[in-house]
Every structure is written in structure tokens, then in C-alpha cells.
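Below: one structure, written as C-alpha cells.
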Number of protein chains: 2
Amino acid sequence: MRVLYHLPLSPPCRKVRLALAEKRIPFELRTERVWERRDEFLALNPAATVPVLQEESGLVIADSYAICEYLDEAYPDMPLLGRTHAERAEVRRLIAWFDGKFGAEVTRNLFYEKQMKRVLGRGHPDAGALRAGYANLRPHLEYLGWLAETRSWLAGQNLTLADLAAAAHLASLDYIGDVDWTVSEAAKDWYARVKSRPSFRPILADRVSGEPPPPHYADPDF
Amino acid sequence: MRVLYHLPLSPPCRKVRLALAEKRIPFELRTERVWERRDEFLALNPAATVPVLQEESGLVIADSYAICEYLDEAYPDMPLLGRTHAERAEVRRLIAWFDGKFGAEVTRNLFYEKQMKRVLGRGHPDAGALRAGYANLRPHLEYLGWLAETRSWLAGQNLTLADLAAAAHLASLDYIGDVDWTVSEAAKDWYARVKSRPSFRPILADRVSGEPPPPHYADPDF
């Protein structure tokens, strides 16, 4: 069976889980505590990061960018990167926006500070980082809302990896109760649509022990 | 004419310049002082980052990941991402390694602190960041040297975007005199080979006013 090494709340891992589910590709999830630097895992990915996908053939693909590009090449039936050059440029621009810019400006400041530092025993959240994270989240939600208002999905007519990348980050921030959905009605409506997809059910069922999500987390009518 | 908006020493911009040159795709370079947030540029890329490629057709592609994937799709003659799924997974893993891990652990701590902070008027380099950057550079050079010793090029038999991504970061660090090439003879030999390619000449000719590179910077026999 195909195996995805992951961490439950990690946005890049969730993006890959969503892509696999949208493409109806079956896989087994294995939680990899990357900070333990297990030798067998380092042999799969010397960067010691998740996600890592191992195909039944033995092919190993490390890194969420490499995995997502591979999935669209190897399983093209439900294309998630767009068809024309212009569509693909827009999908990838937005993947880079959410995994890069949103990741550094918001997820790093909130999710890493509040969630990962605790897991890794690296102390308390930095107050300045939290302030920056909350301040940065607002314009990002407004931009996302603007995209959702002017298009069917974030990158255009169809659901793409741009939606999955954005939803993966927001779902992890929503798990720790950090998304103020009143900022943008359009962003909230878009997230409700993504959240209602069958591919999203396992994400909504994720639980980290000792740290339950807020009640609205798994509710599509939040 | 095709236009690439860039900053001269930026590693992701240099990766794209090298990819264009390896594919013999002509382009005009325009320096974009992204911190000025020019309206016309924000219309091309609301993330306000370089590189941005504008094709003669008007197609705009923002972000170095989106541009490089586009170039291999639109101009497949000199493939830079590999051919088989396994080759492409390895090339992309290493692109993610250098643009992601190396970028965060080394380039961010040295090049951003010493070069970009000065340009942006954000004060002096942080001593802790510099220490971390120098400490992190060594194992990265050793890993690069190990790859270069066991393969013709970093990702396998052929020169790929993995080599261009790695060389782009190292060339920018070398410009500010921060690469200790004695750490790995194999890494140095690999860099000398990349540096000798015609595609690299414009990179070696880059100059930032008031800040000349060390004498060995442009010398292929350094």
C-alpha cells in the first residue's frame, strides 16, 4: 500500500492528503515524529521533513511541492494544477502565496509558535510573533475573500491545489482557534465549500491528544 | 521582448536567469526595487516579489517555482526537471532543499542579514543569525559535496534545476565572501563546473554599486 508519512496538523501534509483524496488515490497514513530523526526515515528524506510519499513501486517523493507536481503528472485524471499555461501559472502563484508568503507571515507566527514549539519543547510563544501573525492574517483573509468573490475557486473556474494549499493552512489555524472568520464573509463561504467536500472529512477528524479543537472546527456550517 | 523582473543578487531570480540561459531563451532583465511597491508591478504580482516573467504574449508568471515549472512545460527542448518520475522527484526534492532548507538555514541568516537589511535600511546584521548561518553552511556544503561525488550532477546524470538552484544560492553567498570552499573539495569542483558554463557569465558579471565582490568571485579557477 502507498504510504504518506505525515504530521496530523501540518499544512503541507494536509495539502497532500487533500490532493490524494480529491484524486481518489488510496493511501495509508503514518505519523512521523520528525524530531526523533529516525534512521529509516532519514534514509527516505535526509531533510527530515514531512510529507514524504512512498509508492508501492518503492518510489519515494519528499517535499509537498515535489509530491503535488508528481501526483498531477502520474495521476492526471482529476487535474489539480490547471490545464493551460496561464491557469497553471495562476495555480502555482497561489500555491507559492499560501505555502510561502502566508506560511511565513501567518502560519509560522501563530501555528508554529503556539503548537509546534510546545510539541518540540522549545518554550512559550513569542508575543511579538503572535501579534505579527494576527495582524498579517487579516489582509490575507481579505485577499482570499477577494479571490473567492471574483472567481468560482481561488485560481479560477475549478478547484485546484491553490484551494487545497490555502485550506490546509487555514484548517490548521482554525484548529487552534486563530481564524476570525468575521473578517471576510466571502472567505468564510469559500472555506465552508471546501470544508464540505468528502476529501476534507479526514482533516476535520484530526485530533491532537490533550488539545481539542474549538467546537466549530469540524462543523461545515460554522 | 520577454521581460524578467528581478534583483541582481537574489537567488530565486538567478535560478530563473540560469534556466532561461540554459534553454537559450532570450530575455530582457529589468531590476525591480520591490520595496518601492510600484503600482504597475503590484498589478503583475500582488506578492511584490521577484522574479516575475512576462512573456511577449502578455502571459505573466510570478514566483520562481511557477516560472521554472512553466519554462520546462513551454520550452521542453533542454529539460531541466528530469524525465522519469524518479528523476523529477529527485530534482524537485533538491530544489526544495536549496530554496527551502538551505534558504532558511543559510541564505536567510547570511545574505539577508548582511546584504538585504542594508538595502532595506533595516539595521545591522543580527550576530546570532550570522553565527547560525555560518554553522549551518558547513553541513550543507558537505552534503552538496557528497552528492557531487556520487553523481555527475547534483540530481543525477544531467545538469538540472537542482544544480541551478544550489548554484544560485552559493553564488550570492560567494559575492559577499561567505563561502569557505575549503570545507568540501567536491563541492568546490562542482561549483567550478557550473561557474564555467556560458549561462553563468551574466551572474559573474553582476555588480552591486559600492559593494564589489571578492576577487575570486568571477574567477572559474578560484
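Within each chain, counting starts at residue 1; across the C-alpha cells, chains are named A, B, ... in the order shown, with ligands numbered 1 upward in that order.
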
Would you give me, as a tab-separated table, each residue of chain A having an atom within 6 Å of an atom of chain B, along with its shortest atom pair and that distance in Å to one decimal, using only C-alpha atoms and sorting by chain and residue number?
residue	atom	partner	partner_atom	distance
A:Ile61	CA	B:Ala89	CA	5.6
A:Ala62	CA	B:Arg93	CA	5.9
A:Ala66	CA	B:Arg92	CA	5.2
A:Ala89	CA	B:Ile61	CA	5.6
A:Arg92	CA	B:Ala66	CA	5.2
A:Arg93	CA	B:Ala62	CA	5.9

> Using only C-alpha atoms, which residues sit within 12 Å of Pro139 (chain A) once same-chain residues fewer than 4 positions away are excluded, as a PyMOL selection string?
Replying inline: (chain A and resi 101-102+105-106+132-135+143-146+180+183-184+187) or (chain B and resi 46-47)

Store the residues picked out above in a file with N, CA, C and O atoms, as a PDB file, in the first residue's frame.
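Output saved as part39.pdb:
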ATOM      1  N   LYS A 101       4.341  32.859   1.322  1.00  0.00           N
ATOM      2  CA  LYS A 101       4.071  34.140   1.973  1.00  0.00           C
ATOM      3  C   LYS A 101       3.148  33.975   3.192  1.00  0.00           C
ATOM      4  O   LYS A 101       3.482  34.413   4.294  1.00  0.00           O
ATOM      5  N   PHE A 102       1.995  33.344   3.005  1.00  0.00           N
ATOM      6  CA  PHE A 102       1.080  33.125   4.123  1.00  0.00           C
ATOM      7  C   PHE A 102       1.777  32.269   5.192  1.00  0.00           C
ATOM      8  O   PHE A 102       1.663  32.540   6.393  1.00  0.00           O
ATOM      9  N   GLU A 105       4.276  34.577   7.007  1.00  0.00           N
ATOM     10  CA  GLU A 105       3.712  35.751   7.672  1.00  0.00           C
ATOM     11  C   GLU A 105       2.650  35.389   8.713  1.00  0.00           C
ATOM     12  O   GLU A 105       2.436  36.138   9.662  1.00  0.00           O
ATOM     13  N   VAL A 106       1.972  34.264   8.501  1.00  0.00           N
ATOM     14  CA  VAL A 106       0.876  33.904   9.414  1.00  0.00           C
ATOM     15  C   VAL A 106       1.139  32.567  10.114  1.00  0.00           C
ATOM     16  O   VAL A 106       1.288  32.508  11.331  1.00  0.00           O
ATOM     17  N   ALA A 132       2.304  39.820  15.258  1.00  0.00           N
ATOM     18  CA  ALA A 132       2.521  39.928  13.806  1.00  0.00           C
ATOM     19  C   ALA A 132       1.612  38.946  13.065  1.00  0.00           C
ATOM     20  O   ALA A 132       1.003  39.289  12.044  1.00  0.00           O
ATOM     21  N   GLY A 133       1.499  37.745  13.579  1.00  0.00           N
ATOM     22  CA  GLY A 133       0.677  36.726  12.924  1.00  0.00           C
ATOM     23  C   GLY A 133      -0.778  37.153  12.814  1.00  0.00           C
ATOM     24  O   GLY A 133      -1.389  37.046  11.743  1.00  0.00           O
ATOM     25  N   TYR A 134      -1.338  37.654  13.937  1.00  0.00           N
ATOM     26  CA  TYR A 134      -2.743  38.094  13.903  1.00  0.00           C
ATOM     27  C   TYR A 134      -2.913  39.296  12.966  1.00  0.00           C
ATOM     28  O   TYR A 134      -3.886  39.381  12.215  1.00  0.00           O
ATOM     29  N   ALA A 135      -1.957  40.221  13.017  1.00  0.00           N
ATOM     30  CA  ALA A 135      -2.057  41.399  12.152  1.00  0.00           C
ATOM     31  C   ALA A 135      -1.968  41.008  10.674  1.00  0.00           C
ATOM     32  O   ALA A 135      -2.683  41.554   9.830  1.00  0.00           O
ATOM     33  N   TYR A 143      -7.662  39.252   1.039  1.00  0.00           N
ATOM     34  CA  TYR A 143      -7.229  38.907  -0.323  1.00  0.00           C
ATOM     35  C   TYR A 143      -7.894  37.604  -0.781  1.00  0.00           C
ATOM     36  O   TYR A 143      -8.397  37.501  -1.904  1.00  0.00           O
ATOM     37  N   LEU A 144      -7.917  36.629   0.121  1.00  0.00           N
ATOM     38  CA  LEU A 144      -8.563  35.354  -0.191  1.00  0.00           C
ATOM     39  C   LEU A 144     -10.049  35.590  -0.497  1.00  0.00           C
ATOM     40  O   LEU A 144     -10.600  35.046  -1.462  1.00  0.00           O
ATOM     41  N   GLY A 145     -10.693  36.433   0.291  1.00  0.00           N
ATOM     42  CA  GLY A 145     -12.100  36.749   0.059  1.00  0.00           C
ATOM     43  C   GLY A 145     -12.317  37.418  -1.285  1.00  0.00           C
ATOM     44  O   GLY A 145     -13.270  37.105  -2.012  1.00  0.00           O
ATOM     45  N   TRP A 146     -11.376  38.312  -1.639  1.00  0.00           N
ATOM     46  CA  TRP A 146     -11.481  38.981  -2.943  1.00  0.00           C
ATOM     47  C   TRP A 146     -11.369  37.972  -4.081  1.00  0.00           C
ATOM     48  O   TRP A 146     -12.138  38.014  -5.046  1.00  0.00           O
ATOM     49  N   ASP A 180     -10.326  34.509  12.611  1.00  0.00           N
ATOM     50  CA  ASP A 180     -11.504  35.352  12.823  1.00  0.00           C
ATOM     51  C   ASP A 180     -12.284  35.405  11.502  1.00  0.00           C
ATOM     52  O   ASP A 180     -11.988  36.217  10.625  1.00  0.00           O
ATOM     53  N   VAL A 183     -13.881  38.501   9.442  1.00  0.00           N
ATOM     54  CA  VAL A 183     -13.114  39.452   8.617  1.00  0.00           C
ATOM     55  C   VAL A 183     -13.624  39.464   7.181  1.00  0.00           C
ATOM     56  O   VAL A 183     -13.708  40.518   6.549  1.00  0.00           O
ATOM     57  N   SER A 184     -13.958  38.298   6.657  1.00  0.00           N
ATOM     58  CA  SER A 184     -14.390  38.238   5.254  1.00  0.00           C
ATOM     59  C   SER A 184     -15.461  37.171   5.089  1.00  0.00           C
ATOM     60  O   SER A 184     -15.184  35.971   5.214  1.00  0.00           O
ATOM     61  N   ALA A 187     -14.507  34.830   2.243  1.00  0.00           N
ATOM     62  CA  ALA A 187     -13.503  33.829   2.616  1.00  0.00           C
ATOM     63  C   ALA A 187     -14.166  32.707   3.409  1.00  0.00           C
ATOM     64  O   ALA A 187     -13.877  31.523   3.217  1.00  0.00           O
TER      65      ALA A 187
ATOM     66  N   PRO B  46       0.902  40.733  -6.963  1.00  0.00           N
ATOM     67  CA  PRO B  46       0.499  41.352  -5.692  1.00  0.00           C
ATOM     68  C   PRO B  46       1.354  40.920  -4.502  1.00  0.00           C
ATOM     69  O   PRO B  46       1.332  41.578  -3.470  1.00  0.00           O
ATOM     70  N   ALA B  47       2.117  39.840  -4.645  1.00  0.00           N
ATOM     71  CA  ALA B  47       3.020  39.448  -3.555  1.00  0.00           C
ATOM     72  C   ALA B  47       4.226  40.383  -3.484  1.00  0.00           C
ATOM     73  O   ALA B  47       4.971  40.355  -2.505  1.00  0.00           O
TER      74      ALA B  47
END

> Quick one: residues within 9 Å of region 9-20 of chain A, only C-alpha atoms counted, chain neighbours fewer than 3 positions away excluded, as a PyMOL selection string?
Replying inline: chain A and resi 4-6+23-27+29+50-52+63-65+67-68+71+80+99+103+107+160-161+164-172+175+199-200+202-203+206-208

> Which is closer to Lys114 (chain B) than all the others in B:Asp178, B:Asp219, B:Glu87, B:Glu32, using only C-alpha atoms?
Replying inline: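 Among B:Asp178, B:Asp219, B:Glu87, B:Glu32, it is B:Asp178 that comes nearest to Lys114 (chain B).
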
> Interatomic distance between CA of Gly210 (chain B) and CA of Leu130 (chain B)?
Replying inline: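 Those two atoms sit 21.8 Å apart.
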
> Quick one, how far is CA of Arg193 (chain B) from CA of Val179 (chain B)?
Replying inline: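 So the answer is 16.4 Å.
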
> Can you list every residue in region 9-221 of chain A that DSSP puts in strand (DSSP E or B), as a PyMOL selection string?
Replying inline: chain A and resi 28-31+52-54+60-62+153+156+208+211

Would you mind exporting the chosen residues as a tab-separated table (two decimals), in the first residue's frame, restricted to C-alpha atoms?
chain	number	residue	atom	x	y	z
A	28	GLU	CA	-2.06	4.72	4.32
A	29	LEU	CA	-1.15	7.49	6.74
A	30	ARG	CA	1.84	7.09	9.06
A	31	THR	CA	2.62	9.72	11.65
A	52	VAL	CA	7.05	12.00	2.23
A	53	LEU	CA	5.12	9.75	-0.14
A	54	GLN	CA	6.24	6.17	-0.77
A	60	VAL	CA	9.93	7.88	-2.72
A	61	ILE	CA	8.90	11.52	-3.16
A	62	ALA	CA	9.90	14.02	-0.48
A	153	TRP	CA	-12.48	28.90	-6.87
A	156	GLY	CA	-10.34	30.22	-11.50
A	208	VAL	CA	-4.12	16.03	18.75
A	211	GLU	CA	-5.68	19.63	22.68

>> Taking only region 72-165 of chain A into account, list the residues labelled helix (DSSP H, G or I) by DSSP (computed from the backbone), as a PyMOL selection string.
In response: chain A and resi 72-74+85-120+127-150+161-165
